[in-house]
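J.: Pasting a structure here, questions to come.
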Amino acid sequence: MASTSNDIVANSSEDSKNELEPGASYDSILNPTDSFEEFASDIHPSLEDRQSELTNKSSTISEIQSEIGEPSKNMKESKSSDNLQSKDEGMSSSASISNITEENGDETDENDVEEYLKSPELVNKEKHVFILSTAGKPIYSRYGNEDKLAGLCGVIQALVSVVEEQKHDILRSMSSADCKVVFMVKGPLILVAVSKSNESENQLVLQLTYAFNQIVSILTLTQLNRIFEQRRNYDLRRLLAGAERLIDNLFIFMEKDPAFLLGAVRCLPLPEKVRENITSAITSTCHKIRDLVFAILIAGNQLITLVRMKKYTLHPSDIHLLFNLVRSSESFKTAESWTPICLPKFDATGFLHGHVSYIAEDCQACLLLLTVQRDAFYPLSQAKHTISEKLRRSNCLVAINDALNRNKDLPTTNPLKNIGVLEIRHFMYKCKSTAQLFTSDPISLDRLQDYRLQHTEGGDVGKKVVKKLSDIDYVRNYRKFCSQIHCTRAPAKLIFRSNSQDTVLAWVTNGFELYVTFDALMEKDRAIRAVDQLLRWIKELEKRIFIMNAPTF
């Protein structure tokens, strides 16, 4: 049973129309996003769009440096990178010759490569990702050895080139009975996903886009373009040495967190006063550091607070890359780090410089202080210690740890109990104006799939022992859920659909996106009442679960 009519919208609560949607704010710390529009721009690029990607846009970082009276240092840094590349040119050339010789070796070598492509190491994987240059040079493979996959990369490059030259079009995807292949050309790189999973083409495109942005965050788009302009056959793995871990972790991260798909950021639920004290400690310490652009406190892949320079905000995808950087680097837990970070949506042409460290040894929160100044480590280190002392005196460090560790008391963990709507299994709510996400525990969708056997309107009828899902089962169920509710081919405003396993309601308005799964026997009228009750509950909690203001230095 499916319905895409407007009757649910017409019957929904009139109260919700007379006030701002839950979590809404006129001033946001993040760029407001519409996940459907974000998808459309990435999924259907034209050849002209692709060419425009190669053109360096105006530099936000240079603009900031001009405003604070600092000379631009991005060009100096780019030149130093070029010098490093030229010094490495001879080694790169010899390596390329060696690879070509290896690829064109004797018949035994070719047979070895063919056998390798049929090996369990590759064949038994559910999804592969390959990144190569437009010259066919291997750069990254999620599984396997890039050198042994050089011949495959050559085939991929040929397919992309033939379609462009003969049909003046872009090769976007290919499919068979049990496999789909998605292609994306970004700047001088070709990215390919080969998947046997139940992920949609849209989801795979999104993941490839993030992988490209992860590479840009390490090199900048300016340097990436310049490298291949100077030497088309350059082996980019030299400059990405060690970055494979970041890309690997990013793919795992994307497969489990709905925030990527919805273009939003999840915030750590905290009492309003605690969040205010944290923000105040940062602003009072950093307001005189004139070249500081962002101060970001995160924990458990959730945002605690973000203080920014006036006029400048961050895109959710840049926050996701910062989450991935922190979660992939154990060294931040033991020492203060100073690292260049390119945030592609903020400015793909240059680096911000980040002081990154955990706020205290006994707290699980990580503080990132991002500046345009390359030699600001010591003043930012001092600021970090001052902030830490202030948070300890106000008991904010304890509150952060409690919010992360006291899972049974958090509203996100047991929505069925807190909302009072027993039929709701799982929900995801995104406020568009602030690009923030609030969701029940995604795994509850699977743990409660037979919920009707445990509860009736009269109460419990029996207890069920629920086994912890394996990682692969978790990922598969999450993919299925996302595929059901987020489809750009038919972006209906409202979908109500039932099958033998569950009932899904997806509601997209100008102000929010809401996705809810119910028991399979849920009726439409009851679902409407449950959604109204859910929205009222989120509204009551909004100051705890969302960041409602946009503090500046």
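So you can find residues: chains in the structure tokens are A, B, ... in the order shown, residues in each start at 1, and ligands are numbered from 1 in order.
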Using only C-alpha atoms, which protein or nucleic acid residues come within 9 Å of A:Leu239? Drop anything in the same chain fewer than 4 positions from it, and give the result as a list in words.

T.: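 Listed by chain and then number, they are Gln85, Ile218, Leu219, Asp235 and Ala243 of chain A.
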
J.: Using N, CA and C atoms, can you write the selected residues to a file as an mmCIF file, in the first residue's frame?

T.:
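Output file again-v3.cif follows:
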data_model
loop_
_atom_site.group_PDB
_atom_site.id
_atom_site.type_symbol
_atom_site.label_atom_id
_atom_site.label_comp_id
_atom_site.auth_asym_id
_atom_site.auth_seq_id
_atom_site.Cartn_x
_atom_site.Cartn_y
_atom_site.Cartn_z
ATOM 1 N N GLN A 85 57.098 18.899 -5.466
ATOM 2 C CA GLN A 85 56.742 18.027 -6.571
ATOM 3 C C GLN A 85 57.878 17.938 -7.583
ATOM 4 N N ILE A 218 43.129 17.172 1.656
ATOM 5 C CA ILE A 218 44.545 16.901 1.919
ATOM 6 C C ILE A 218 45.450 17.740 1.033
ATOM 7 N N LEU A 219 45.001 18.010 -0.219
ATOM 8 C CA LEU A 219 45.885 18.658 -1.204
ATOM 9 C C LEU A 219 45.463 20.073 -1.588
ATOM 10 N N ASP A 235 51.920 10.159 -10.498
ATOM 11 C CA ASP A 235 51.438 9.160 -9.540
ATOM 12 C C ASP A 235 51.049 9.881 -8.246
ATOM 13 N N ALA A 243 47.092 8.671 3.589
ATOM 14 C CA ALA A 243 45.712 9.169 3.554
ATOM 15 C C ALA A 243 44.707 8.065 3.257
#

J.: Which residue is closest to A:Val398? Choose from A:Gln302, A:Ala211, A:Ile278, A:Trp537 and count only C-alpha atoms.

T.: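 Distance minimum relative to A:Val398 lands on A:Ile278.
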
J.: Calculate how many Å separate atom CA of A:Ala527 from atom CA of A:Ile495, rounding to one decimal.

T.: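 Between atom CA of A:Ala527 and atom CA of A:Ile495 the gap is 11.8 Å.
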
J.: If you run DSSP on the backbone here, which positions in stretch 151-393 of chain A get strand (DSSP E)? Please write them as a ChimeraX atom specification.

T.: /A:173-175,180-186,189-195,265-266,292-299,302-308,337-341,352-358,366-371

J.: Please identify which residues in stretch 246-465 of chain A DSSP calls alpha helix (DSSP H) from the backbone, and express them as a PyMOL selection string.

T.: chain A and resi 246-256+258-262+272-286+316-327+344-347+377-393+396-405+415-419+444-447

J.: Those same residues, written as a PDB file, in the first residue's frame with C-alpha atoms?

T.:
ATOM      1  CA  LEU A 246      41.151   8.498   6.050  1.00  0.00           C
ATOM      2  CA  ILE A 247      39.355   7.386   2.884  1.00  0.00           C
ATOM      3  CA  ASP A 248      38.794   3.856   4.201  1.00  0.00           C
ATOM      4  CA  ASN A 249      37.308   5.166   7.442  1.00  0.00           C
ATOM      5  CA  LEU A 250      35.182   7.669   5.547  1.00  0.00           C
ATOM      6  CA  PHE A 251      33.447   4.899   3.589  1.00  0.00           C
ATOM      7  CA  ILE A 252      32.734   2.962   6.783  1.00  0.00           C
ATOM      8  CA  PHE A 253      31.450   6.160   8.407  1.00  0.00           C
ATOM      9  CA  MET A 254      29.120   6.965   5.493  1.00  0.00           C
ATOM     10  CA  GLU A 255      27.603   3.495   5.472  1.00  0.00           C
ATOM     11  CA  LYS A 256      26.395   3.842   9.052  1.00  0.00           C
ATOM     12  CA  PRO A 258      22.351   9.023   8.022  1.00  0.00           C
ATOM     13  CA  ALA A 259      23.770  12.527   8.459  1.00  0.00           C
ATOM     14  CA  PHE A 260      25.727  12.157   5.190  1.00  0.00           C
ATOM     15  CA  LEU A 261      22.658  11.205   3.193  1.00  0.00           C
ATOM     16  CA  LEU A 262      20.574  14.024   4.646  1.00  0.00           C
ATOM     17  CA  GLU A 272      20.872  24.439  27.428  1.00  0.00           C
ATOM     18  CA  LYS A 273      22.856  26.039  30.262  1.00  0.00           C
ATOM     19  CA  VAL A 274      25.779  23.647  29.793  1.00  0.00           C
ATOM     20  CA  ARG A 275      26.033  24.444  26.083  1.00  0.00           C
ATOM     21  CA  GLU A 276      25.875  28.166  26.860  1.00  0.00           C
ATOM     22  CA  ASN A 277      28.737  27.829  29.366  1.00  0.00           C
ATOM     23  CA  ILE A 278      30.846  25.923  26.831  1.00  0.00           C
ATOM     24  CA  THR A 279      30.245  28.521  24.137  1.00  0.00           C
ATOM     25  CA  SER A 280      30.950  31.365  26.570  1.00  0.00           C
ATOM     26  CA  ALA A 281      34.269  29.803  27.603  1.00  0.00           C
ATOM     27  CA  ILE A 282      35.370  29.660  23.968  1.00  0.00           C
ATOM     28  CA  THR A 283      34.210  33.153  22.966  1.00  0.00           C
ATOM     29  CA  SER A 284      35.655  34.864  26.044  1.00  0.00           C
ATOM     30  CA  THR A 285      39.017  33.192  25.441  1.00  0.00           C
ATOM     31  CA  CYS A 286      39.258  33.551  21.669  1.00  0.00           C
ATOM     32  CA  PRO A 316      27.729  20.103   6.815  1.00  0.00           C
ATOM     33  CA  SER A 317      29.998  18.106   4.485  1.00  0.00           C
ATOM     34  CA  ASP A 318      33.029  20.038   5.767  1.00  0.00           C
ATOM     35  CA  ILE A 319      32.009  19.195   9.338  1.00  0.00           C
ATOM     36  CA  HIS A 320      31.740  15.532   8.323  1.00  0.00           C
ATOM     37  CA  LEU A 321      35.315  15.611   7.021  1.00  0.00           C
ATOM     38  CA  LEU A 322      36.453  17.067  10.343  1.00  0.00           C
ATOM     39  CA  PHE A 323      34.584  14.312  12.184  1.00  0.00           C
ATOM     40  CA  ASN A 324      36.344  11.747  10.025  1.00  0.00           C
ATOM     41  CA  LEU A 325      39.745  13.342  10.599  1.00  0.00           C
ATOM     42  CA  VAL A 326      39.320  13.196  14.369  1.00  0.00           C
ATOM     43  CA  ARG A 327      37.851   9.697  14.527  1.00  0.00           C
ATOM     44  CA  PRO A 344      36.318  22.039   0.128  1.00  0.00           C
ATOM     45  CA  LYS A 345      32.923  23.694   0.551  1.00  0.00           C
ATOM     46  CA  PHE A 346      34.386  26.588   2.522  1.00  0.00           C
ATOM     47  CA  ASP A 347      37.408  27.177   0.254  1.00  0.00           C
ATOM     48  CA  PHE A 377      50.324  27.183  17.189  1.00  0.00           C
ATOM     49  CA  TYR A 378      51.506  28.596  20.513  1.00  0.00           C
ATOM     50  CA  PRO A 379      48.780  31.237  21.054  1.00  0.00           C
ATOM     51  CA  LEU A 380      46.134  28.682  20.105  1.00  0.00           C
ATOM     52  CA  SER A 381      47.685  26.105  22.406  1.00  0.00           C
ATOM     53  CA  GLN A 382      47.481  28.595  25.238  1.00  0.00           C
ATOM     54  CA  ALA A 383      43.858  29.361  24.340  1.00  0.00           C
ATOM     55  CA  LYS A 384      43.013  25.658  24.398  1.00  0.00           C
ATOM     56  CA  HIS A 385      44.391  25.241  27.925  1.00  0.00           C
ATOM     57  CA  THR A 386      42.494  28.301  29.113  1.00  0.00           C
ATOM     58  CA  ILE A 387      39.251  26.957  27.636  1.00  0.00           C
ATOM     59  CA  SER A 388      39.859  23.580  29.275  1.00  0.00           C
ATOM     60  CA  GLU A 389      40.336  25.176  32.701  1.00  0.00           C
ATOM     61  CA  LYS A 390      37.134  27.203  32.335  1.00  0.00           C
ATOM     62  CA  LEU A 391      35.125  24.135  31.315  1.00  0.00           C
ATOM     63  CA  ARG A 392      36.489  22.144  34.242  1.00  0.00           C
ATOM     64  CA  ARG A 393      35.562  24.871  36.755  1.00  0.00           C
ATOM     65  CA  CYS A 396      31.105  21.157  31.639  1.00  0.00           C
ATOM     66  CA  LEU A 397      33.654  18.377  31.070  1.00  0.00           C
ATOM     67  CA  VAL A 398      31.655  16.077  33.325  1.00  0.00           C
ATOM     68  CA  ALA A 399      28.427  17.043  31.538  1.00  0.00           C
ATOM     69  CA  ILE A 400      29.944  16.180  28.151  1.00  0.00           C
ATOM     70  CA  ASN A 401      31.119  12.782  29.334  1.00  0.00           C
ATOM     71  CA  ASP A 402      27.740  12.106  30.926  1.00  0.00           C
ATOM     72  CA  ALA A 403      25.968  12.985  27.683  1.00  0.00           C
ATOM     73  CA  LEU A 404      28.186  10.539  25.797  1.00  0.00           C
ATOM     74  CA  ASN A 405      28.145   7.714  28.323  1.00  0.00           C
ATOM     75  CA  PRO A 415      12.253   7.369  21.725  1.00  0.00           C
ATOM     76  CA  LEU A 416       9.451   4.864  22.234  1.00  0.00           C
ATOM     77  CA  LYS A 417       9.546   5.454  25.975  1.00  0.00           C
ATOM     78  CA  ASN A 418      10.128   9.198  25.904  1.00  0.00           C
ATOM     79  CA  ILE A 419       7.692  10.119  23.150  1.00  0.00           C
ATOM     80  CA  SER A 444      16.457   0.343  16.902  1.00  0.00           C
ATOM     81  CA  LEU A 445      14.884  -0.148  13.473  1.00  0.00           C
ATOM     82  CA  ASP A 446      16.308  -3.655  13.430  1.00  0.00           C
ATOM     83  CA  ARG A 447      16.123  -4.496  17.119  1.00  0.00           C
TER      84      ARG A 447
END

J.: Which distance in Å separates atom CA of A:Glu146 and atom CA of A:Lys127, to one decimal?

T.: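 These two atoms are separated by 15.8 Å.
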
J.: Which residues come within 12 Å of A:Trp338, counting only C-alpha atoms, excluding same-chain residues fewer than 5 positions away, as a ChimeraX atom specification?

T.: /A:331-332,352-357,368-371,373-378,380-381

J.: Please dump the current selection as a JSON list (two decimals), in the first residue's frame; keep C-alpha atoms.

T.:
[["chain", "number", "residue", "atom", "x", "y", "z"],
["A", 331, "SER", "CA", 47.37, 10.80, 17.90],
["A", 332, "PHE", "CA", 45.03, 13.67, 18.74],
["A", 352, "LEU", "CA", 43.19, 26.60, 7.02],
["A", 353, "HIS", "CA", 45.64, 25.68, 9.77],
["A", 354, "GLY", "CA", 44.25, 23.72, 12.66],
["A", 355, "HIS", "CA", 45.25, 23.28, 16.29],
["A", 356, "VAL", "CA", 43.62, 19.93, 17.09],
["A", 357, "SER", "CA", 43.61, 18.22, 20.49],
["A", 368, "LEU", "CA", 39.61, 22.29, 16.69],
["A", 369, "LEU", "CA", 40.84, 25.87, 16.38],
["A", 370, "LEU", "CA", 41.09, 26.82, 12.69],
["A", 371, "THR", "CA", 43.01, 29.89, 11.59],
["A", 373, "GLN", "CA", 47.74, 32.05, 10.22],
["A", 374, "ARG", "CA", 50.42, 29.41, 9.61],
["A", 375, "ASP", "CA", 52.49, 30.18, 12.72],
["A", 376, "ALA", "CA", 49.77, 30.49, 15.38],
["A", 377, "PHE", "CA", 50.32, 27.18, 17.19],
["A", 378, "TYR", "CA", 51.51, 28.60, 20.51],
["A", 380, "LEU", "CA", 46.13, 28.68, 20.10],
["A", 381, "SER", "CA", 47.68, 26.10, 22.41]]

J.: Please determine, counting only C-alpha atoms, which residue among A:Ile304, A:Ala550, A:Leu268, A:Ile424 has the shortest atom-to-atom distance to A:Val504.

T.: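 Ranked by minimum distance to A:Val504, first place goes to A:Ile424.
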
J.: Which polymer residues have any atom within 8 Å of an atom of A:Met548, counting only C-alpha atoms, with same-chain residues fewer than 3 positions away left out, as a list of chain:residue names?

T.: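 Near neighbours after the sequence-gap exclusion: A:Gly23, A:Ala24, A:Ser25, A:Ser28, A:Glu542, A:Lys543.
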
J.: Under the rule that only C-alpha atoms are counted, which of A:Ala435, A:Ile61, A:Tyr143, A:Arg290 is the nearest residue to A:Asn124?

T.: A:Tyr143

J.: One decimal, Å: what's the distance from atom CA of A:Tyr140 over to atom CA of A:Asn301, could you say?

T.: 25.1 Å

J.: Quick one: residues within 6 Å of stretch 221-227 of chain A, only C-alpha atoms counted, chain neighbours fewer than 4 positions away excluded, as an MDAnalysis selection string?

T.: chainID A and resid 216 348:349

J.: For stretch 506-512 of chain A, find every residue with an atom within 6 Å (counting only C-alpha atoms), except residues of its own chain fewer than 5 positions away, and show them as a list of chain:residue names.

T.: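 Those residues are A:Lys430, A:Cys431, A:Lys432, A:Lys493, A:Leu494, A:Ile495.
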